[in-house]
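**Student:** Here's a structure for you.
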Amino acid sequence: MQIGVDYYPEHWDESMWETDIKLMKETGVKIVRVAEFAWSRLEPEEGRFDFAWLDRALDLFHKYGIQIVIGTPTATPPRWLTTAYPDVLPVFADGGVFHPGVRGHRCYNSVSLRKYGSRIIEALARHYSSHPAVIGWQTDNEFSMLDCHCDSCNLAFRSWVQEKYGTTEQVNEEWGTVVWSGEYSSWDELTVPYGGSPFQNPSMLLDFQRFQWEAAIAFQKTQTEVLRAICPQHFITHNFHSYPQRLDMHGLAEDLDVASFDYYPNPSPQKQATAPYSGALSLDLTRGIKRRNFWIMEQLSGPPGCWFPMWRTPYPGLIRAYSWQAIARGADTVVHFRWRSAAAGAEQFWHGLIDHSNVPGRRFAEFAQLCSEVNGLAPLLEGTGVISQAAILYSHEQMAALRIQPQADGLDYYENIKQYHRALTRLGIGCDVIGWRQPLEGYKLVIAPSLYLHDEAAAQLLEDFAAGGGTVILTSRSGVKNMNNICVMQPLPGLFSRAAGVTVEEYDPVGGDVHSLRSPDGILYECSQWCDILRPEGAEPVAWYADDFFAGAPAVTVNSFGAGRVYYIGTHAEESYWLKLLGDIAPDAGLTLFPELPDGVQAFTRTGPKGELLFLLNLSRTSQTVGLDKQYRSALTGTPISGPVELAAYGVEILETQG
Amino acid sequence: MQIGVDYYPEHWDESMWETDIKLMKETGVKIVRVAEFAWSRLEPEEGRFDFAWLDRALDLFHKYGIQIVIGTPTATPPRWLTTAYPDVLPVFADGGVFHPGVRGHRCYNSVSLRKYGSRIIEALARHYSSHPAVIGWQTDNEFSMLDCHCDSCNLAFRSWVQEKYGTTEQVNEEWGTVVWSGEYSSWDELTVPYGGSPFQNPSMLLDFQRFQWEAAIAFQKTQTEVLRAICPQHFITHNFHSYPQRLDMHGLAEDLDVASFDYYPNPSPQKQATAPYSGALSLDLTRGIKRRNFWIMEQLSGPPGCWFPMWRTPYPGLIRAYSWQAIARGADTVVHFRWRSAAAGAEQFWHGLIDHSNVPGRRFAEFAQLCSEVNGLAPLLEGTGVISQAAILYSHEQMAALRIQPQADGLDYYENIKQYHRALTRLGIGCDVIGWRQPLEGYKLVIAPSLYLHDEAAAQLLEDFAAGGGTVILTSRSGVKNMNNICVMQPLPGLFSRAAGVTVEEYDPVGGDVHSLRSPDGILYECSQWCDILRPEGAEPVAWYADDFFAGAPAVTVNSFGAGRVYYIGTHAEESYWLKLLGDIAPDAGLTLFPELPDGVQAFTRTGPKGELLFLLNLSRTSQTVGLDKQYRSALTGTPISGPVELAAYGVEILETQG
Amino acid sequence: MQIGVDYYPEHWDESMWETDIKLMKETGVKIVRVAEFAWSRLEPEEGRFDFAWLDRALDLFHKYGIQIVIGTPTATPPRWLTTAYPDVLPVFADGGVFHPGVRGHRCYNSVSLRKYGSRIIEALARHYSSHPAVIGWQTDNEFSMLDCHCDSCNLAFRSWVQEKYGTTEQVNEEWGTVVWSGEYSSWDELTVPYGGSPFQNPSMLLDFQRFQWEAAIAFQKTQTEVLRAICPQHFITHNFHSYPQRLDMHGLAEDLDVASFDYYPNPSPQKQATAPYSGALSLDLTRGIKRRNFWIMEQLSGPPGCWFPMWRTPYPGLIRAYSWQAIARGADTVVHFRWRSAAAGAEQFWHGLIDHSNVPGRRFAEFAQLCSEVNGLAPLLEGTGVISQAAILYSHEQMAALRIQPQADGLDYYENIKQYHRALTRLGIGCDVIGWRQPLEGYKLVIAPSLYLHDEAAAQLLEDFAAGGGTVILTSRSGVKNMNNICVMQPLPGLFSRAAGVTVEEYDPVGGDVHSLRSPDGILYECSQWCDILRPEGAEPVAWYADDFFAGAPAVTVNSFGAGRVYYIGTHAEESYWLKLLGDIAPDAGLTLFPELPDGVQAFTRTGPKGELLFLLNLSRTSQTVGLDKQYRSALTGTPISGPVELAAYGVEILETQG
């Protein structure tokens with residue numbers, strides 16, 4: 001359990017290094033990430049490596065007892081590389097080139113990128129495998145989806161399709177290309193989807209996304225293979241950022257030891273009602289990537305900005321509180337971006353802990369307090385982790401398919417997940433966010449939003465879970481398609497009908513039109529986006545539509561399935577309905593709630609061999625009072641605490657169960 | 001008079017065909033359109049035709065007594081064609097290629113498209129000219145404007161201009177290219193308008209539109225010539241869609257036997273106040289294309305969607321009511337799109353009558369009722385048509401010119417026509433919407449919105465009509481330009497001043513600023529977009545501006561001209577002013593109104609040798625009551641009806657005059 | 001002092017010329033601009049010049065005693081030139097070509113443009129150097145920034161950078177390209193910034209702007225050198241338009257005798273509260289370009305329009321009043337665009353004084369009155385100019401840098417200047433708007449908004465001014481960067497701290513969030529965009545923040561510096577705060593105010609050897625009453641005037657001090 005910073009020795013005059021590192025040491029910094037953008041300094045010209053400057057920096061870090069994670073520099077290919085090997089550069093759908101001089105200007109399928117990327121990583125790995133300060137590696141930086149249309153991608157996509165389907169006849173069959181005479185009669189005709197026309201074949205579009213997801217994984221594998229071979233004692237991570245990403249994060253993480261996240265909650269007062277909750281989801285999602293604790297590789301340290309108007313500066317306490325939120329939800333290391341704001345280049349106003357003036361100020365003082373607290377609590381936190389009763393199933397494939405064909409105005413896969421997750425968080429129900437095909441042992445409740453693409457395995461997974469006593473919540477737009485993005489010829493929700501005991505008689509894509517549903521106690525709730533008119537076939541209705549031509553028709557049903565229960569929610573109900581439903585479900589499902597959490601306060605527990613640590617985080621600008629049901633002791637102050645505890649604005653309390 | 005469906009045998013396993021066709025037969029379907037997107041199946045590789053599968057399908061249709069319209073498949077060139085002959089593909093203004101894999105990816109001027117298109121049409125025509133089920137052809141599918149910038153278009157445009165003007169000197173003169181030194185000194189310099197700069201010469205831009213309109217006509221002619229030669233006994237149509245289209249629909253229809261329309265009224269409750277009226281305009285406009293009854297080739301059957309969020313599902317009764325609206329306004333056949341929702345491809349969520357589940361539901365039941373009603377009333381409807389007292393003059397050239405140089409914020413040619421047409425519809429005045437150079441015999445009232453481009457023939461046409469006793473309504477932005485899009489050096493409204501007896505002293509493009517005008521009874525009405533300050537020269541003012549520096553100046557005038565009258569409305573008055581004005585005009589002009597039609601209810605009459613059929617259509621979600629002035633008999637139920645008749649939501653009544 | 005019109009003999013049949021010119025003469029027109037778009041007529045094919053038609057036109061003008069300014073025609077290269085030498089055409093960031101057939105389609109760095117441009121200018125200069133009507137030249141037309149990416153620009157930019165920095169090592173150092181491995185290892189790698197990615201190096205982007213600014217200057221110099229050599233007796237001007245322009249107007253004007261401006265105030269009633277004030281700023285800015293009187297080369301004559309919906313027509317009196325506003329603020333000639341609206345081409349609806357009908361109307365009558373008034377007052381105005389007590393420092397470099405990296409939502413360099421200038425105008429404080437490095441002698445108050453880029457010279461200039469007794473107002477975002485767009489490592493406001501006696505402890509980019517500040521009398525004012533939390537180091541606070549975590553912290557300070565004072569305003573305060581602050585500052589700073597000017601009325605003074613002329617301009621649609629403090633005589637009517645004077649809508653009064 002430690003705090004770190006991101007530092008760029010190459011950005012600062014060497015005379016400043018030791019002063020900086022000494023101050024890090026004094027402040028309590030334990031870990032530093034370096035070099036992820038330094039290719040042009042590490043290999044100033046083709047084949048000439050220069051690690052001397054980094055040696056000097058790393059030796060200084062080692063002198064002060066600070067450990068190092070090295071980022072592989074492939075996110076910023078140097079100009080000599082892109083000039084000599086322009087196939088490194090991605091190509092947009094309209095044929096335009098993604099020019100160098102920025103970052104991320106590299107196609108994952110580029111032969112030259114792979115060749116020269118592997119070469120410098122191998123050189124770095126050999127050079128630093130036994131450096132005493134180095135403990136691990138970060139692959140590339142913030143992978144993102146490129147949708148590249150270069151010639152390499154074109155050929156690679158063709159091979160990928162060929163490998164998957166064998167013949168053009170099979171492609172035509174699986175993708176349904178007969179529609180609009182899109183049939184391939186020879187492999188030459190198969191290309192990446194140029195031009196971004198909205199009319200393209202959705203099965204092809206989904207496979208193209210899969211191809212690009214796999215390209216990122218394959219590209220990363222060229223790095224991890226080298227690193228594993230040469231530095232078996234080092235860990236490997238990657239820093240994901242700002243979800244939702246169009247990435248197969250689970251697939252990428254299979255080759256990693258630990259997942260990392262770059263966490264930049266928006267400090268605007270206008271975002272106070274949403275940022276703490278979407279941040280909580282991001283953290284739970286990161287923890288779910290490898291279903292274990294994770295790192296923050298970049299944590300908010302000041303106002304971001306540069307190519308957009310700067311955000312607000314973090315309110316006093318915000319930097320500390322959000323760092324503790326990350327730890328509460330499973331971060332074992334929090335690395336702050338960045339030590340000092342850049343004086344030059346495109347990121348000058350993505351502020352670090354110290355301003356351009358190099359005069360440490362309010363934010364730095366708060367960071368120092370955090371370091372001190374974390375270092376003090378590290379022994380207590382050591383070996384603790386997160387155990388959740390509930391899980392939300394997340395799928396980059398569902399998200400992609402639902403974006404290829406938007407279902408209804410306002411129906412957004414990830415935004416809907418945000419709402420379900422926020423309802424759980426407001427109720428104090430800890431929740432994992434895991435891959436949609438992951439084993440479900442240990443959970444009591446599984447929310448499976450819009451399993452739009454599906455197959456027998458997906459249906460079986462949920463049936464087994466419910467049969468064993470679990471509670472499942474399904475939502476509308478489930479069981480619509482097979483995995484090829486082709487509609488299935490059976491009543492909705494497809495194979496999930498078996499467990500849900502319900503079919504969809506008809507639906508109305510109501511979009512932004514607000515409709516209402518009625519719970520058994522007669523209370524009306526707003527719903528929108530979509531209305532499935534349900535026909536129970538074994539299930540029982542637990543809410544009914546209250547207007548339009550389908551007034552009185554079932555909107556929500558529950559089905560007993562084995563020892564468990566399966567809910568089907570045929571519409572997008574407002575959050576208060578979810579709060580009510582989850583509150584109703586909780587006792588039977590055996591879920592523990594944290595009653596009456598004030599708005600903006602989050603409660604989360606880390607559990608270890610020595611017991612539980614309850615984190616109470618007030619992620620708002622006003623003080624809040626939280627009721628406690630038993631005796632605690634503050635791990636921060638040692639004071640015994642019971643009864644209502646008041647949390648100042650951005651106040652944090654960490655409670656050990658007393659006795 | 002019949003109901004049909006669009007069916008794609010190539011999309012479904014052959015084992016399903018007979019079940020589907022049998023159900024069509026039982027439901028009352030009489031006609032089916034096939035094959036308009038099936039090029040890749042009809043000619044799987046260059047020169048190899050495969051009609052066997054379509055033979056089997058058509059034989060089955062024939063077995064069940066269903067008639068067939070074949071669509072020529074040129075809207076979806078297959079991949080082997082675009083790969084081997086890339087000149088088939090259109091080129092955008094920025095040089096980007098319109099890539100294949102979608103639909104509409106074909107340049108009308110492409111030599112290869114014309115060659116290979118004609119070849120497959122000829123093969124199809126020879127093969128099916130004597131098939132007992134086939135009765136007609138649809139050319140291509142939903143022509144639309146391409147504004148193609150390919151090399152073929154470049155050469156063809158140059159020839160077109162050369163043919164029209166003879167010399168570059170003449171082009172320079174007619175287009176006024178001296179402005180900004182845009183003069184052509186050699187033909188090589190003349191190209192299509194690349195790049196979409198807003199600064200281009202408006203005369204050239206208008207001629208480029210004309211060139212593209214004619215390209216579509218010429219391309220269609222390559223098809224109709226083949227079909228007429230080989231299948232003289234078959235009719236030919238084309239399915240226009242979603243007006244306004246930037247097309248010369250009248251020119252295209254000269255080569256057709258009947259015009260068709262693809263009718264997708266938006267079922268959203270938010271569109272209830274507009275969709276039934278803009279739909280009525282679309283139908284009247286389609287009827288005006290050939291000034292005779294028409295077909296609906298695609299009629300709304302469920303929620304559209306796919307590349308945009310799905311629309312609402314049709315409310316109970318909506319599918320039937322809008323089909324009857326189409327029939328009321330002159331449709332003789334209504335073909336529903338489509339039998340069953342596509343399982344694959346880009347149109348999966350453009351719903352058909354039957355859902356993906358293949359379980360017929362509420363919408364199908366309503367369709368079945370419609371089939372039964374239409375089949376029952378077919379004898380009564382046979383030979384009936386529409387006779388209108390009023391006409392609105394429509395011109396794709398005016399629309400194009402007014403878009404090239406937007407006159408004022410909010411001034412939209414087609415939106416303004418919608419408003420005038422809605423006023424007529426709300427008053428129950430049946431109206432044709434015809435080409436602006438069409439003969440006007442038989443009408444009592446002609447509304448000629450913004451005849452911005454004009455010539456002596458246009459002025460003469462209206463003068464002759466007025467002289468003969470007709471009433472003409474002209475609006476602002478009339479007589480501004482000659483047909484070359486050049487401003488004329490005479491007071492506005494140019495040549496129309498003669499008939500209108502008024503000139504424009506000055507104008508103010510008020511745009512979105514709301515101004516007011518006062519009628520003789522002192523009532524104020526809002527006006528916007530444009531204010532012509534009128535100087536009567538023979539005409540009499542009938543409304544005056546009520547504010548700004550031109551308060552008190554005439555805004556609307558009427559001039560006696562021969563036996564008729566010519567109104568000039570110098571501003572865009574709100575709809576209530578049009579209702580008042582038309583109500584005032586009606587008695588003198590001899591127009592029949594339907595008094596006090598409730599909002600959302602439309603009344604329209606088809607007339608035949610056996611008398612009149614009055615259609616009352618409640619195109620709203622609430623029930624409405626309509627007063628009747630005489631005794632009727634319901635053609636649907638046989639019941640005598642008089643006095644107020646109540647129409648349920650989406651209720652339809654068809655009334656025969658009693659006795 | 002004279003009134004003119006823009007006239008295009010080449011647009012009209014030669015038979016109309018003398019009628020037009022005779023009417024000009026009768027109306028009082030003294031000056032006409034011609035030929036700035038006539039290249040295709042002056043050189044119909046490469047190397048063949050035809051000046052005969054222009055000779056005939058100019059002889060006619062001379063016959064009627066009208067003087068001529070000739071525009072060099074380089075803004076509209078003819079088609080034969082762009083066809084034969086396509087390097088004339090600019091290239092966009094995405095590689096697309098700026099096609100001909102419009103205007104402005106020429107790259108300033110194009111070798112062919114420079115060659116053929118110089119050639120025709122030389123021919124024109126030789127031909128007209130001794131024509132008795134010709135008195136001067138306008139270079140090109142409305143220079144604007146092209147951001148061209150053609151090969152010429154690529155090479156020229158590389159040379160420019162090479163010249164500035166010498167080695168790639170130095171470029172890397174000065175631009176900080178080490179960030180993201182953007183280092184150049186060879187000159188070949190250095191290109192113009194393709195593709196418009198938001199991530200590019202801000203130092204490079206700023207230098208690219210400088211390069212393009214200098215390209216325009218260098219291009220103009222190719223023209224002025226020819227003209228000076230051949231027509232030494234003629235003056236040279238250029239017509240700038242619609243600020244802010246991304247141009248170095250001061251640099252361009254170094255080669256000019258007089259600056260001109262194209263003045264199109266928006267006549268919409270909705271713009272009444274802003275257009276007269278932003279117009280005043282434009283005029284003061286134009287006067288500041290050469291710090292002397294200027295010309296209006298195009299003045300509003302009717303509704304503009306064409307490629308956008310037309311604006312409102314000028315309200316009665318507006319054309320005259322805005323012409324007088326231009327004169328009041330230093331225009332010595334006002335040329336109206338244009339004599340008659342174009343009948344053809346892209347500018348048909350950019351209306352002239354006479355409509356297409358060629359019937360002179362209300363606007364022409366008003367213009368005639370203006371001519372008569374100006375001709376009458378010319379002797380009185382002769383030799384008068386503007387003497388200001390206050391100056392605002394303007395910098396195209398600051399604006400460019402602040403756009404490259406937007407600082408906060410709503411923080412717009414020029415919009416902020418508008419606000420400060422409007423406060424001065426509403427207080428009746430005459431103000432120059434001058435280049436930010438200009439000498440400051442003679443001013444009492446200097447407002448220096450956001451001197452974001454800075455160096456020692458900039459700091460010294462203000463220190464000297466303050467030391468000598470001047471009052472300086474600095475605002476937030478000053479002293480942030482060096483001239484290379486690199487952040488400086490010292491507390492804000494950098495070198496300006498010395499004079500301001502204050503540093504910025506921390507800042508909050510509040511953007512659109514509204515905050516408040518409190519003046520010593522306890523009144524609250526709104527502030528937004530940015531909040532510097534100030535630490536006085538010698539200065540005294542004069543306003544404090546009233547909310548958020550920095551409530552109570554100083555927001556505005558004043559520092560005594562030598563004999564003067566330096567204000568630092570750490571936030572963007574609403575206009576009423578500026579009115580109060582300036583009102584407070586005025587007595588000490590020795591500024592003269594015009595008390596209680598009504599909204600929409602502007603007061604401005606021209607001073608000459610014979611005394612002062614006070615212009616009172618009511619630039620609104622309602623009549624206004626202005627109090628006067630002494631006896632005046634109306635220069636327009638000769639009447640003595642004292643006490644409150646009433647100005648009708650768009651009323652103008654010009655007052656000589658009585659006795």
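Labels for the structure tokens follow display order: chains A, B, ..., residues from 1 in each chain, ligands from 1.
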Set the distance at 7 Å and use only C-alpha atoms: which residues neighbour Phe157 (chain C) once local chain neighbours fewer than 3 positions away are removed? I'd like the list as a PDB file with N, CA and C atoms, in the first residue's frame.
**Tutor:**
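Dumped everything to out13.pdb:
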```pdb
ATOM      1  N   CYS C 153       4.225  25.852 -48.666  1.00  0.00           N
ATOM      2  CA  CYS C 153       4.182  26.253 -47.256  1.00  0.00           C
ATOM      3  C   CYS C 153       5.060  25.327 -46.425  1.00  0.00           C
ATOM      4  N   ASN C 154       5.036  24.067 -46.754  1.00  0.00           N
ATOM      5  CA  ASN C 154       5.848  23.104 -46.025  1.00  0.00           C
ATOM      6  C   ASN C 154       7.325  23.478 -46.094  1.00  0.00           C
ATOM      7  N   TRP C 160      11.721  28.857 -42.509  1.00  0.00           N
ATOM      8  CA  TRP C 160      11.425  29.878 -41.496  1.00  0.00           C
ATOM      9  C   TRP C 160      11.924  29.414 -40.131  1.00  0.00           C
ATOM     10  N   VAL C 161      11.638  28.166 -39.806  1.00  0.00           N
ATOM     11  CA  VAL C 161      12.063  27.623 -38.511  1.00  0.00           C
ATOM     12  C   VAL C 161      13.591  27.538 -38.475  1.00  0.00           C
ATOM     13  N   VAL C 192       4.519  21.451 -41.731  1.00  0.00           N
ATOM     14  CA  VAL C 192       3.381  22.212 -41.205  1.00  0.00           C
ATOM     15  C   VAL C 192       2.524  21.245 -40.391  1.00  0.00           C
ATOM     16  N   PHE C 211       4.528  32.205 -38.690  1.00  0.00           N
ATOM     17  CA  PHE C 211       4.980  31.977 -40.059  1.00  0.00           C
ATOM     18  C   PHE C 211       3.910  32.417 -41.065  1.00  0.00           C
TER      19      PHE C 211
END
```
**Student:** Residues near Ala344 (chain A), anyone? I mean within 12 Å using only C-alpha atoms, not counting same-chain ones fewer than 3 positions away, as an mmCIF file with C-alpha atoms, in the first residue's frame.
**Tutor:**
```cif
data_model
loop_
_atom_site.group_PDB
_atom_site.id
_atom_site.type_symbol
_atom_site.label_atom_id
_atom_site.label_comp_id
_atom_site.auth_asym_id
_atom_site.auth_seq_id
_atom_site.Cartn_x
_atom_site.Cartn_y
_atom_site.Cartn_z
ATOM 1 C CA TYR A 8 9.488 12.795 -16.394
ATOM 2 C CA GLU A 10 13.608 14.068 -19.517
ATOM 3 C CA HIS A 11 11.381 17.137 -19.127
ATOM 4 C CA TRP A 12 13.527 18.871 -16.531
ATOM 5 C CA CYS A 306 -4.865 21.858 -22.530
ATOM 6 C CA ARG A 340 4.991 19.043 -11.429
ATOM 7 C CA SER A 341 2.993 20.599 -14.255
ATOM 8 C CA GLU A 347 0.073 18.852 -21.582
ATOM 9 C CA GLN A 348 1.137 22.107 -19.933
ATOM 10 C CA PHE A 349 -2.205 22.668 -18.259
ATOM 11 C CA TRP A 350 -2.858 19.122 -17.141
ATOM 12 C CA HIS A 356 4.741 25.674 -12.989
ATOM 13 C CA ASN C 172 13.697 20.863 -29.788
ATOM 14 C CA GLU C 173 14.899 22.989 -26.911
ATOM 15 C CA GLU C 174 12.764 26.051 -27.638
ATOM 16 C CA TRP C 175 9.598 24.118 -28.435
ATOM 17 C CA GLY C 176 10.072 21.506 -25.717
ATOM 18 C CA THR C 177 9.513 18.694 -28.236
ATOM 19 C CA VAL C 178 10.937 16.143 -25.841
ATOM 20 C CA VAL C 179 7.407 15.858 -24.497
ATOM 21 C CA TRP C 180 5.769 12.860 -26.202
ATOM 22 C CA GLY C 182 8.214 14.836 -30.681
ATOM 23 C CA GLN C 200 0.011 19.112 -31.178
ATOM 24 C CA ASN C 201 2.902 20.984 -29.629
ATOM 25 C CA PRO C 202 1.641 24.467 -28.690
ATOM 26 C CA SER C 203 5.012 26.138 -29.255
ATOM 27 C CA MET C 204 5.137 24.781 -32.786
ATOM 28 C CA VAL C 480 2.095 32.849 -17.865
ATOM 29 C CA LYS C 481 4.499 32.002 -20.676
ATOM 30 C CA ASN C 482 7.601 33.089 -22.484
ATOM 31 C CA ASN C 484 7.870 30.448 -27.170
ATOM 32 C CA ASN C 485 4.577 29.486 -25.527
ATOM 33 C CA ILE C 486 6.435 27.728 -22.705
ATOM 34 C CA CYS C 487 5.311 28.156 -19.109
ATOM 35 C CA VAL C 488 7.753 30.118 -16.963
ATOM 36 C CA MET C 489 8.980 28.742 -13.683
#
```
**Student:** Just want the 8 Å neighbourhood of Leu300 (chain B), counted on only C-alpha atoms, with same-chain residues fewer than 4 positions away dropped. Output as a list in words.
**Tutor:** Tyr263, Tyr264, Pro265, Ile319, His336 and Phe337 of chain B
**Student:** Measure the distance from CA of Ala156 (chain A) to CA of Asn239 (chain A) in Å and round it to one decimal.
**Tutor:**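 Separation between CA of Ala156 (chain A) and CA of Asn239 (chain A): 26.1 Å.
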**Student:** Give me, as a list in words, the residues of region 160-333 of chain A that a backbone DSSP run labels strand (DSSP E or B).
**Tutor:**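 Matching residues for strand (DSSP E or B) in region 160-333 of chain A are Phe235, Ile236, Thr237, His238, Asn239, Phe240, His241, Val258, Ala259, Ser260, Phe261, Asp262, Tyr263, Phe294, Trp295, Ile296, Met297, Glu298, Gln299, Ala331, Asp332 and Thr333 of chain A.
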**Student:** Convert the current residue selection to file output with N, CA and C atoms, as a compact mmCIF listing (two decimals), in the first residue's frame.
**Tutor:**
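The result, stored in part28.txt:
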```
# COMPACT_ATOMS: atom_id res chain seq x y z
N PHE A 235 6.68 -7.25 -12.28
CA PHE A 235 5.27 -7.34 -12.66
C PHE A 235 5.01 -6.49 -13.91
N ILE A 236 3.89 -6.76 -14.55
CA ILE A 236 3.49 -5.98 -15.74
C ILE A 236 2.06 -5.51 -15.56
N THR A 237 1.85 -4.25 -15.87
CA THR A 237 0.50 -3.69 -15.79
C THR A 237 0.23 -2.84 -17.02
N HIS A 238 -1.00 -2.37 -17.13
CA HIS A 238 -1.34 -1.38 -18.15
C HIS A 238 -2.32 -0.40 -17.53
N ASN A 239 -2.21 0.86 -17.91
CA ASN A 239 -3.09 1.89 -17.34
C ASN A 239 -4.27 2.19 -18.26
N PHE A 240 -5.42 1.62 -17.90
CA PHE A 240 -6.66 1.94 -18.63
C PHE A 240 -7.16 3.31 -18.21
N HIS A 241 -7.97 3.92 -19.07
CA HIS A 241 -8.44 5.25 -18.65
C HIS A 241 -9.89 5.51 -19.05
N VAL A 258 -1.38 -7.13 -12.99
CA VAL A 258 -2.29 -6.25 -12.28
C VAL A 258 -2.82 -5.23 -13.27
N ALA A 259 -4.09 -4.83 -13.07
CA ALA A 259 -4.66 -3.78 -13.90
C ALA A 259 -4.45 -2.43 -13.23
N SER A 260 -4.26 -1.42 -14.03
CA SER A 260 -4.17 -0.06 -13.50
C SER A 260 -5.22 0.82 -14.15
N PHE A 261 -5.49 1.92 -13.46
CA PHE A 261 -6.50 2.85 -13.97
C PHE A 261 -5.98 4.27 -13.80
N ASP A 262 -6.30 5.13 -14.75
CA ASP A 262 -5.97 6.55 -14.66
C ASP A 262 -7.23 7.29 -14.25
N TYR A 263 -7.20 7.82 -13.03
CA TYR A 263 -8.45 8.27 -12.40
C TYR A 263 -8.49 9.79 -12.29
N PHE A 294 -5.96 -3.55 -7.52
CA PHE A 294 -5.40 -2.91 -8.71
C PHE A 294 -4.55 -1.71 -8.32
N TRP A 295 -4.02 -1.05 -9.33
CA TRP A 295 -3.27 0.19 -9.12
C TRP A 295 -4.01 1.35 -9.78
N ILE A 296 -3.81 2.52 -9.19
CA ILE A 296 -4.09 3.76 -9.94
C ILE A 296 -2.73 4.23 -10.44
N MET A 297 -2.62 4.37 -11.76
CA MET A 297 -1.32 4.79 -12.29
C MET A 297 -1.26 6.30 -12.53
N GLU A 298 -2.44 6.91 -12.62
CA GLU A 298 -2.50 8.38 -12.70
C GLU A 298 -3.71 8.83 -11.90
N GLN A 299 -3.45 9.63 -10.88
CA GLN A 299 -4.56 10.12 -10.05
C GLN A 299 -4.57 11.64 -10.11
N ALA A 331 -7.67 -0.22 -4.67
CA ALA A 331 -6.36 0.19 -5.14
C ALA A 331 -5.33 -0.12 -4.06
N ASP A 332 -4.21 -0.71 -4.47
CA ASP A 332 -3.13 -0.98 -3.53
C ASP A 332 -2.00 0.03 -3.69
N THR A 333 -2.01 0.73 -4.79
CA THR A 333 -1.02 1.79 -5.02
C THR A 333 -1.74 2.91 -5.77
```
**Student:** Write out as a list of chain:residue names which residues come within 8 Å of Ile417 (chain C) when counting only C-alpha atoms, dropping same-chain ones fewer than 4 positions away.
**Tutor:**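 After dropping sequence-adjacent residues, the list is C:Ile392, C:Tyr413, C:His421, C:Pro449.
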**Student:** Selected residues, C-alpha atoms, written as a compact mmCIF listing (two decimals), in the first residue's frame, please.
**Tutor:**
```txt
# COMPACT_ATOMS: atom_id res chain seq x y z
CA ILE C 392 -6.08 49.03 -24.59
CA TYR C 413 -9.38 37.14 -25.41
CA HIS C 421 -13.81 48.68 -24.25
CA PRO C 449 -5.67 42.29 -20.98
```
**Student:** Please, what distance in Å, to one decimal, runs between CA of Ile387 (chain B) and CA of Leu582 (chain B)?
**Tutor:**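 Distance reported for this atom pair: 18.9 Å.
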**Student:** With a cut-off of 7 Å and counting only C-alpha atoms, select all residues of chain A in contact with chain C and give the selection as a PyMOL selection string.
**Tutor:** chain A and resi 11+37-40+76-80+83+96+99+101-103+306-313+343-346+356-358
**Student:** Env of Asp255 (chain C): 10 Å cut, atoms = only C-alpha atoms, seq-sep filter 5 positions within chain, self excluded. Answer as a list in words.
**Tutor:**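 In the requested format, the answer is Ile217, Gln220, Lys221, Gln223, Thr224, Glu225, Arg228, Ile236, Thr237, His238 and His250 of chain C.
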